[in-house]
Amino acid sequence: MNKFLTAACAAFIGVASQASALDVVIHYIHQEVEQLPTLSNLDPIPDDLGAQGAQLALEDNTTTGRFLGQNYSLDITIVPVGGDFNQAVSEALTKTDLIVLDAPADHIIGAADLEKSSAALLFNVSAPDIALRSEDCRANLLHTFPSRPMQTDALMQFFVKRRWSDIALIEGTQPEDQAYAAAVLASARKFGMSIDARKTWAFDADMRRNAAQEVPLFTQDLGDYDVLVVADEANDFARYIPFNTWHPRPVAGADGLTAKAWDRVVEQWGAAQLQSRFEEQSGRAMLPRDYAAWAAVRSIGEAVTRTQAGDAQSLRDFLLSDQFELAGFKGRPLTYRSWNGQLRQPITLAHRGALVASAPLEGFLHQRSELDTLGLDKPESACSQFD
Amino acid sequence: MKKLSVLAALLLSTTATADEIWVTNEKDDTISVIDLETLEVTRTLETGERPRGITFSKDYSVVYICASDSDAVQVMDPNTGEILHDLPSGEDPEQFVLHPDDRHLYIANEDDAITTVVDTQSRTVVAQIDVGIEPEGMAVSPDGKIAITTSETTNMAHWIDTETQKLFANTLVDSRPRHAEFVKDGSELWVSSEIGGTITVFDVATQAEKAKIEFKVKGVHPDRVQPVGFELTQGDTHAFVALGPANHLAVVNADTYEVEDYILVGRRVWHMDFNADRSKLFTTNGVSGDVTMVDVASRKAEKTIKVGRFPWGAAFRPTN
């Protein structure tokens, strides 16, 4: 195999030499955060979450680049808890102006506001915060990770389709859970649904022992409803809710029916190939953050391929233009919203065993793109940095 | 009695002489054989895992099947449905094309970014050629001198010199190229791009882009109009193009590159093949699990034939 590869590479050089070589350096910076202790450790968070997606996209870009005389490289920096994230970004900016950020929202804003960042192109591959796509948006910052409203709009479209109009909500106490619950409420309003019953989960009992006793009682006074949404981003307690509710009703949100950028159950639209390449490389299933990092690095690659340029300004212009489209294994071309830099993308609705649907669902129309029925549409976003 | 047996023999031979369309069912690991007289599935043959590409040898004595998840190209006796042997194919063969010499198969190895050239007689790998990520569309020029591989994630058509088995050109196309065909005696190469929503037409002599065919189906968002498989009518005057989740075929005038008609078929239409005189076209509809028969002259869908789950490839088999 290796022998053959060398021979093949030699053949490429002949082909590629027509174009002058272009070196594209991408820097991936991950800020480690304290993980909340969760009741179950069945789904540990991989150490290489996100980075593996970027690595796979690098391989994809490199293969294309070989035919066009473009060389890609990926540097990865991991900033430990309490480390100086801005310092790491500043250092990376001395080597490249193409930066992929895997960090909480406040770190991302800090990085985008660095003086040296103003001429750079940054990608947010981890933070779902709505503010980053609205009042806290930055002109030099694009988002490949879907916002919370994109995820909750996807759920709501499914509920509308199934006529599950009475929604109950249980929310955790973490700020992320509160943000998710707020997104659920806003999405319900957007699609004309009502949330009549809400409760906060504030127990600290170990649900592996007594979920069957606690959850029926806890959900009894929610009254009757069609579907129960659980806002629990770390999936601390949500996994113990299905089948234990007082009324036998479906569960969605953090467990049961989930709405995500990516899931291992996605296999249509050529996704089976992406999944198998990812698994072969990393030895695990591709997760939403891996997908977002993959999409960011592939976006850069696609823009370089089409423009033959490697500077942040040219690439940003192209990514936000009508000409850009990314084949993202989701059945539609992916593009960036020109008003806030969010990557338009279908959202996967799935349970642990299979794909349920892919949003936008049929019948949700939009004058621009059906994908804009998910998340902040132009009039809803307070972002003015892209004008 | 003697007379009767002659009659019976005659009857038998007429039933045996109906032409057939062979359809690979990606999720059933089977082939559905459609009898073109009764328009019914008369045989269901077992294959390796995830059968996709399918093609007959020139004399129709064997049929080659890409069993993607079995990592093999299988060789089947079309009369008995028996798998005769496997060919070494490289990993995850998705689609292939038989060289005009009737001997060499050019196989796209989707997971490996490789095109494998296999000698079907000696059953050996003649060459492996590094191409872009997720190679799929395969074509060979009528004179046999050029083979094409298109790569879905690299978005290129790779031009292979079949004498040296080396790449001599790589041309960019729109996103997710799926299918390639040499058209008009090999003077043009057409490549469909699923996500780009176009067919790029190349001048073969110069490998330069000559035209781009675009599609617009009324009531279907442009994002859902995704050209995949296509076939040319007699004399290469028109192309029938499968538009995937748009659930339509486009009829393209091959001289003006304009779309003349759209025909509603089944859901997620993939690939197709004609009958003997090219008067009827049979499309595989991946999601609805059926095959649509289209009348070429009137451009109307005439019949739907249920096959297995996720039908993908289609190949015509004459029997007389």
# chains A, B, ... in the order shown; residues from 1 in each chain; ligands from 1
$ closest_atom_pairs --of "chain B" --to "chain A" --cutoff "7 Å" --atoms "only C-alpha atoms" --output "tab-separated table"
residue	atom	partner	partner_atom	distance
B:Asp111	CA	A:Gln273	CA	6.4
B:Ile129	CA	A:Ala8	CA	6.7
B:Asp130	CA	A:Ala8	CA	6.0
B:Gly132	CA	A:Thr63	CA	5.8
B:Ile133	CA	A:Asp60	CA	6.4
B:Thr154	CA	A:Thr64	CA	5.1
B:Phe168	CA	A:Val15	CA	6.7
B:Ala169	CA	A:Val15	CA	6.7
B:Asn170	CA	A:Phe67	CA	6.7
B:Ser175	CA	A:Ala327	CA	6.0
B:Arg176	CA	A:Ala327	CA	6.5
B:Ile195	CA	A:Pro333	CA	5.6
B:Asp223	CA	A:Arg332	CA	5.5
B:Arg224	CA	A:Arg332	CA	6.6
$ write_last_selection --atoms "all heavy atoms" --output "compact mmCIF listing (two decimals), in the first residue's frame"
# COMPACT_ATOMS: atom_id res chain seq x y z
N ASP B 111 -14.45 4.09 0.08
CA ASP B 111 -13.85 4.41 1.38
C ASP B 111 -12.35 4.65 1.31
O ASP B 111 -11.75 5.12 2.26
CB ASP B 111 -14.13 3.29 2.39
CG ASP B 111 -15.44 3.53 3.14
OD1 ASP B 111 -16.12 4.52 2.81
OD2 ASP B 111 -15.77 2.73 4.02
N ILE B 129 -5.12 3.36 -8.52
CA ILE B 129 -4.81 4.75 -8.83
C ILE B 129 -5.40 5.63 -7.73
O ILE B 129 -6.59 5.55 -7.44
CB ILE B 129 -5.43 5.13 -10.20
CG1 ILE B 129 -4.93 4.17 -11.28
CG2 ILE B 129 -5.11 6.58 -10.55
CD1 ILE B 129 -5.92 3.91 -12.38
N ASP B 130 -4.56 6.44 -7.12
CA ASP B 130 -5.02 7.35 -6.08
C ASP B 130 -5.86 8.45 -6.68
O ASP B 130 -5.41 9.15 -7.57
CB ASP B 130 -3.80 7.98 -5.40
CG ASP B 130 -3.76 7.65 -3.94
OD1 ASP B 130 -4.60 6.86 -3.51
OD2 ASP B 130 -2.89 8.19 -3.24
N GLY B 132 -9.48 11.28 -5.69
CA GLY B 132 -9.99 12.10 -4.59
C GLY B 132 -10.82 11.30 -3.61
O GLY B 132 -11.02 10.10 -3.77
N ILE B 133 -11.31 11.98 -2.58
CA ILE B 133 -12.09 11.33 -1.53
C ILE B 133 -13.46 10.89 -2.07
O ILE B 133 -14.11 11.63 -2.77
CB ILE B 133 -12.32 12.30 -0.36
CG1 ILE B 133 -11.02 12.88 0.13
CG2 ILE B 133 -13.13 11.65 0.75
CD1 ILE B 133 -10.36 12.18 1.26
N THR B 154 -13.95 15.44 -3.04
CA THR B 154 -12.92 16.27 -3.67
C THR B 154 -13.52 17.11 -4.80
O THR B 154 -12.95 18.10 -5.23
CB THR B 154 -11.78 15.37 -4.16
OG1 THR B 154 -11.28 14.66 -3.04
CG2 THR B 154 -10.66 16.14 -4.80
N PHE B 168 -3.91 11.97 -15.94
CA PHE B 168 -3.29 13.01 -16.76
C PHE B 168 -4.01 14.35 -16.65
O PHE B 168 -3.52 15.37 -17.13
CB PHE B 168 -3.18 12.57 -18.23
CG PHE B 168 -4.50 12.44 -18.96
CD1 PHE B 168 -5.02 13.51 -19.68
CD2 PHE B 168 -5.21 11.25 -18.94
CE1 PHE B 168 -6.23 13.39 -20.35
CE2 PHE B 168 -6.42 11.13 -19.61
CZ PHE B 168 -6.93 12.20 -20.32
N ALA B 169 -5.16 14.38 -15.99
CA ALA B 169 -5.83 15.66 -15.74
C ALA B 169 -6.79 15.48 -14.57
O ALA B 169 -7.27 14.38 -14.30
CB ALA B 169 -6.58 16.13 -16.97
N ASN B 170 -7.04 16.59 -13.87
CA ASN B 170 -8.03 16.61 -12.80
C ASN B 170 -8.83 17.89 -12.97
O ASN B 170 -8.26 18.97 -12.95
CB ASN B 170 -7.35 16.63 -11.43
CG ASN B 170 -6.49 15.41 -11.23
OD1 ASN B 170 -6.98 14.33 -10.94
ND2 ASN B 170 -5.18 15.57 -11.41
N SER B 175 -20.32 20.58 -6.47
CA SER B 175 -20.26 19.70 -5.30
C SER B 175 -20.90 18.33 -5.53
O SER B 175 -21.97 18.22 -6.10
CB SER B 175 -20.98 20.36 -4.13
OG SER B 175 -20.20 21.39 -3.64
N ARG B 176 -20.24 17.33 -4.99
CA ARG B 176 -20.68 15.93 -4.97
C ARG B 176 -20.99 15.35 -6.33
O ARG B 176 -22.13 15.00 -6.64
CB ARG B 176 -21.90 15.77 -4.07
CG ARG B 176 -21.53 15.32 -2.68
CD ARG B 176 -22.71 14.97 -1.85
NE ARG B 176 -22.81 13.52 -1.62
CZ ARG B 176 -21.93 12.80 -0.94
NH1 ARG B 176 -20.86 13.34 -0.45
NH2 ARG B 176 -22.10 11.51 -0.77
N ILE B 195 -25.03 17.82 -5.20
CA ILE B 195 -25.29 18.97 -4.34
C ILE B 195 -25.20 20.28 -5.14
O ILE B 195 -25.95 21.23 -4.92
CB ILE B 195 -24.31 18.97 -3.14
CG1 ILE B 195 -24.67 17.81 -2.18
CG2 ILE B 195 -24.32 20.28 -2.40
CD1 ILE B 195 -25.97 17.95 -1.43
N ASP B 223 -32.51 23.34 -3.69
CA ASP B 223 -31.65 22.47 -2.88
C ASP B 223 -32.00 20.99 -3.03
O ASP B 223 -31.17 20.13 -2.79
CB ASP B 223 -31.80 22.82 -1.39
CG ASP B 223 -31.10 24.11 -1.02
OD1 ASP B 223 -30.53 24.74 -1.93
OD2 ASP B 223 -31.14 24.48 0.16
N ARG B 224 -33.25 20.72 -3.37
CA ARG B 224 -33.69 19.32 -3.46
C ARG B 224 -33.53 18.76 -4.88
O ARG B 224 -33.83 17.60 -5.12
CB ARG B 224 -35.16 19.18 -3.04
CG ARG B 224 -35.49 19.82 -1.71
CD ARG B 224 -34.90 19.10 -0.55
NE ARG B 224 -35.56 17.84 -0.26
CZ ARG B 224 -35.11 16.97 0.64
NH1 ARG B 224 -33.99 17.22 1.30
NH2 ARG B 224 -35.74 15.85 0.86
$ select_by_dssp --residues "stretch 7-125 of chain A" --states "helix (DSSP H, G or I)" --output "ChimeraX atom specification"
/A:7-16,51-68,85-93,105-112,115-119
$ select_by_dssp --residues "stretch 143-210 of chain A" --states "strand (DSSP E or B)" --output "count of residues only"
14
$ closest_residue --among "A:Thr173, A:Leu142, A:Asp166, A:Ala181" --to "A:Gly223" --atoms "only C-alpha atoms"
A:Asp166
$ atom_distance --atom1 "atom CA of A:Arg189" --atom2 "atom CA of A:Thr152"
11.3 Å
$ residues_around --residues "B:Asp273" --least-positions-apart "5" --cutoff "12 Å" --atoms "only C-alpha atoms" --output "PyMOL selection string"
chain B and resi 20-23+54-55+229-233+239-242+278-284+291-294+296+312-317
$ residues_around --residues "A:Ile195" --least-positions-apart "2" --cutoff "10 Å" --atoms "only C-alpha atoms" --output "JSON, numbers by chain"
{"A": [165, 166, 167, 168, 169, 184, 185, 188, 189, 193, 197, 198, 225, 228, 229]}
$ residues_around --residues "stretch 83-97 of chain A" --least-positions-apart "4" --cutoff "10 Å" --atoms "only C-alpha atoms" --output "ChimeraX atom specification"
/A:24-32,75-79,101,103,107-108,110-122,310-313
$ atom_distance --atom1 "atom CA of A:Gly341" --atom2 "atom CA of A:Gln323"
15.0 Å
$ closest_residue --among "B:Pro88, B:Gly144, B:Gly48, B:Gly81" --to "B:Asp102" --atoms "only C-alpha atoms"
B:Gly144
$ residues_around --residues "stretch 280-287 of chain A" --least-positions-apart "6" --cutoff "8 Å" --atoms "only C-alpha atoms" --output "PyMOL selection string"
chain A and resi 49-50+52-53+56+262-264
$ residues_around --residues "B:Gly244" --least-positions-apart "6" --cutoff "12 Å" --atoms "only C-alpha atoms" --output "PyMOL selection string"
(chain A and resi 269+331-332) or (chain B and resi 178+192-195+197+217+220+222-230+250+264-272+283-288+312)
$ atom_distance --atom1 "atom CA of A:Pro80" --atom2 "atom CA of A:Gln55"
20.2 Å
$ closest_residue --among "A:Phe318, A:Tyr336, A:Phe386, A:Trp164" --to "A:Ala295" --atoms "only C-alpha atoms"
A:Tyr336
$ closest_residue --among "B:Leu167, B:Ile305, B:Ile199, B:Leu84" --to "B:Thr38" --atoms "only C-alpha atoms"
B:Ile305
$ decode --residues "stretch 234-263 of chain B" --atoms "N, CA and C atoms" --output "CSV table (one decimal), in the first residue's frame"
chain,number,residue,atom,x,y,z
B,234,GLN,N,-31.1,6.9,-27.9
B,234,GLN,CA,-30.5,6.5,-29.1
B,234,GLN,C,-29.9,7.7,-29.9
B,235,GLY,N,-28.7,7.6,-30.3
B,235,GLY,CA,-28.1,8.7,-31.1
B,235,GLY,C,-27.6,9.8,-30.2
B,236,ASP,N,-27.7,9.6,-28.9
B,236,ASP,CA,-27.3,10.7,-27.9
B,236,ASP,C,-28.0,12.0,-28.2
B,237,THR,N,-29.2,12.0,-28.6
B,237,THR,CA,-29.9,13.3,-28.8
B,237,THR,C,-30.5,13.9,-27.5
B,238,HIS,N,-30.9,13.0,-26.6
B,238,HIS,CA,-31.4,13.5,-25.3
B,238,HIS,C,-30.8,12.7,-24.2
B,239,ALA,N,-30.8,13.4,-23.0
B,239,ALA,CA,-30.4,12.7,-21.8
B,239,ALA,C,-31.5,12.7,-20.8
B,240,PHE,N,-31.7,11.5,-20.2
B,240,PHE,CA,-32.7,11.4,-19.1
B,240,PHE,C,-31.8,11.5,-17.8
B,241,VAL,N,-32.2,12.5,-16.9
B,241,VAL,CA,-31.4,12.7,-15.8
B,241,VAL,C,-32.2,12.5,-14.5
B,242,ALA,N,-31.7,11.6,-13.6
B,242,ALA,CA,-32.4,11.4,-12.3
B,242,ALA,C,-32.1,12.6,-11.4
B,243,LEU,N,-33.1,13.1,-10.8
B,243,LEU,CA,-32.9,14.3,-9.9
B,243,LEU,C,-33.1,14.0,-8.4
B,244,GLY,N,-32.8,12.7,-8.0
B,244,GLY,CA,-32.8,12.4,-6.6
B,244,GLY,C,-34.1,12.7,-5.9
B,245,PRO,N,-33.9,13.5,-4.8
B,245,PRO,CA,-35.1,13.8,-3.9
B,245,PRO,C,-36.1,14.7,-4.6
B,246,ALA,N,-35.8,15.3,-5.8
B,246,ALA,CA,-36.8,16.1,-6.5
B,246,ALA,C,-37.9,15.1,-7.1
B,247,ASN,N,-37.6,13.8,-7.1
B,247,ASN,CA,-38.5,12.8,-7.5
B,247,ASN,C,-38.9,12.9,-9.0
B,248,HIS,N,-38.0,13.6,-9.7
B,248,HIS,CA,-38.3,13.8,-11.2
B,248,HIS,C,-37.1,13.3,-12.0
B,249,LEU,N,-37.4,13.0,-13.3
B,249,LEU,CA,-36.4,12.9,-14.3
B,249,LEU,C,-36.4,14.2,-15.1
B,250,ALA,N,-35.3,14.6,-15.5
B,250,ALA,CA,-35.2,15.8,-16.5
B,250,ALA,C,-34.9,15.2,-17.9
B,251,VAL,N,-35.5,15.7,-18.9
B,251,VAL,CA,-35.1,15.3,-20.3
B,251,VAL,C,-34.4,16.5,-20.9
B,252,VAL,N,-33.1,16.2,-21.1
B,252,VAL,CA,-32.2,17.3,-21.6
B,252,VAL,C,-31.9,17.1,-23.1
B,253,ASN,N,-32.0,18.2,-23.8
B,253,ASN,CA,-31.6,18.2,-25.2
B,253,ASN,C,-30.1,18.2,-25.2
B,254,ALA,N,-29.5,17.2,-25.8
B,254,ALA,CA,-28.0,17.1,-25.7
B,254,ALA,C,-27.3,18.0,-26.6
B,255,ASP,N,-28.0,18.7,-27.5
B,255,ASP,CA,-27.3,19.7,-28.4
B,255,ASP,C,-27.4,21.1,-27.8
B,256,THR,N,-28.5,21.4,-27.3
B,256,THR,CA,-28.7,22.8,-26.8
B,256,THR,C,-28.4,22.9,-25.3
B,257,TYR,N,-28.3,21.7,-24.6
B,257,TYR,CA,-28.1,21.6,-23.2
B,257,TYR,C,-29.3,22.2,-22.4
B,258,GLU,N,-30.4,22.3,-23.0
B,258,GLU,CA,-31.6,22.9,-22.4
B,258,GLU,C,-32.5,21.7,-21.9
B,259,VAL,N,-33.2,21.9,-20.7
B,259,VAL,CA,-34.1,20.9,-20.2
B,259,VAL,C,-35.4,21.1,-21.0
B,260,GLU,N,-35.9,20.0,-21.5
B,260,GLU,CA,-37.2,20.1,-22.3
B,260,GLU,C,-38.4,19.7,-21.5
B,261,ASP,N,-38.2,18.8,-20.6
B,261,ASP,CA,-39.3,18.2,-19.8
B,261,ASP,C,-38.9,17.7,-18.4
B,262,TYR,N,-39.8,17.6,-17.6
B,262,TYR,CA,-39.6,16.9,-16.3
B,262,TYR,C,-40.7,15.9,-16.1
B,263,ILE,N,-40.3,14.7,-15.6
B,263,ILE,CA,-41.2,13.6,-15.5
B,263,ILE,C,-41.2,13.2,-14.0
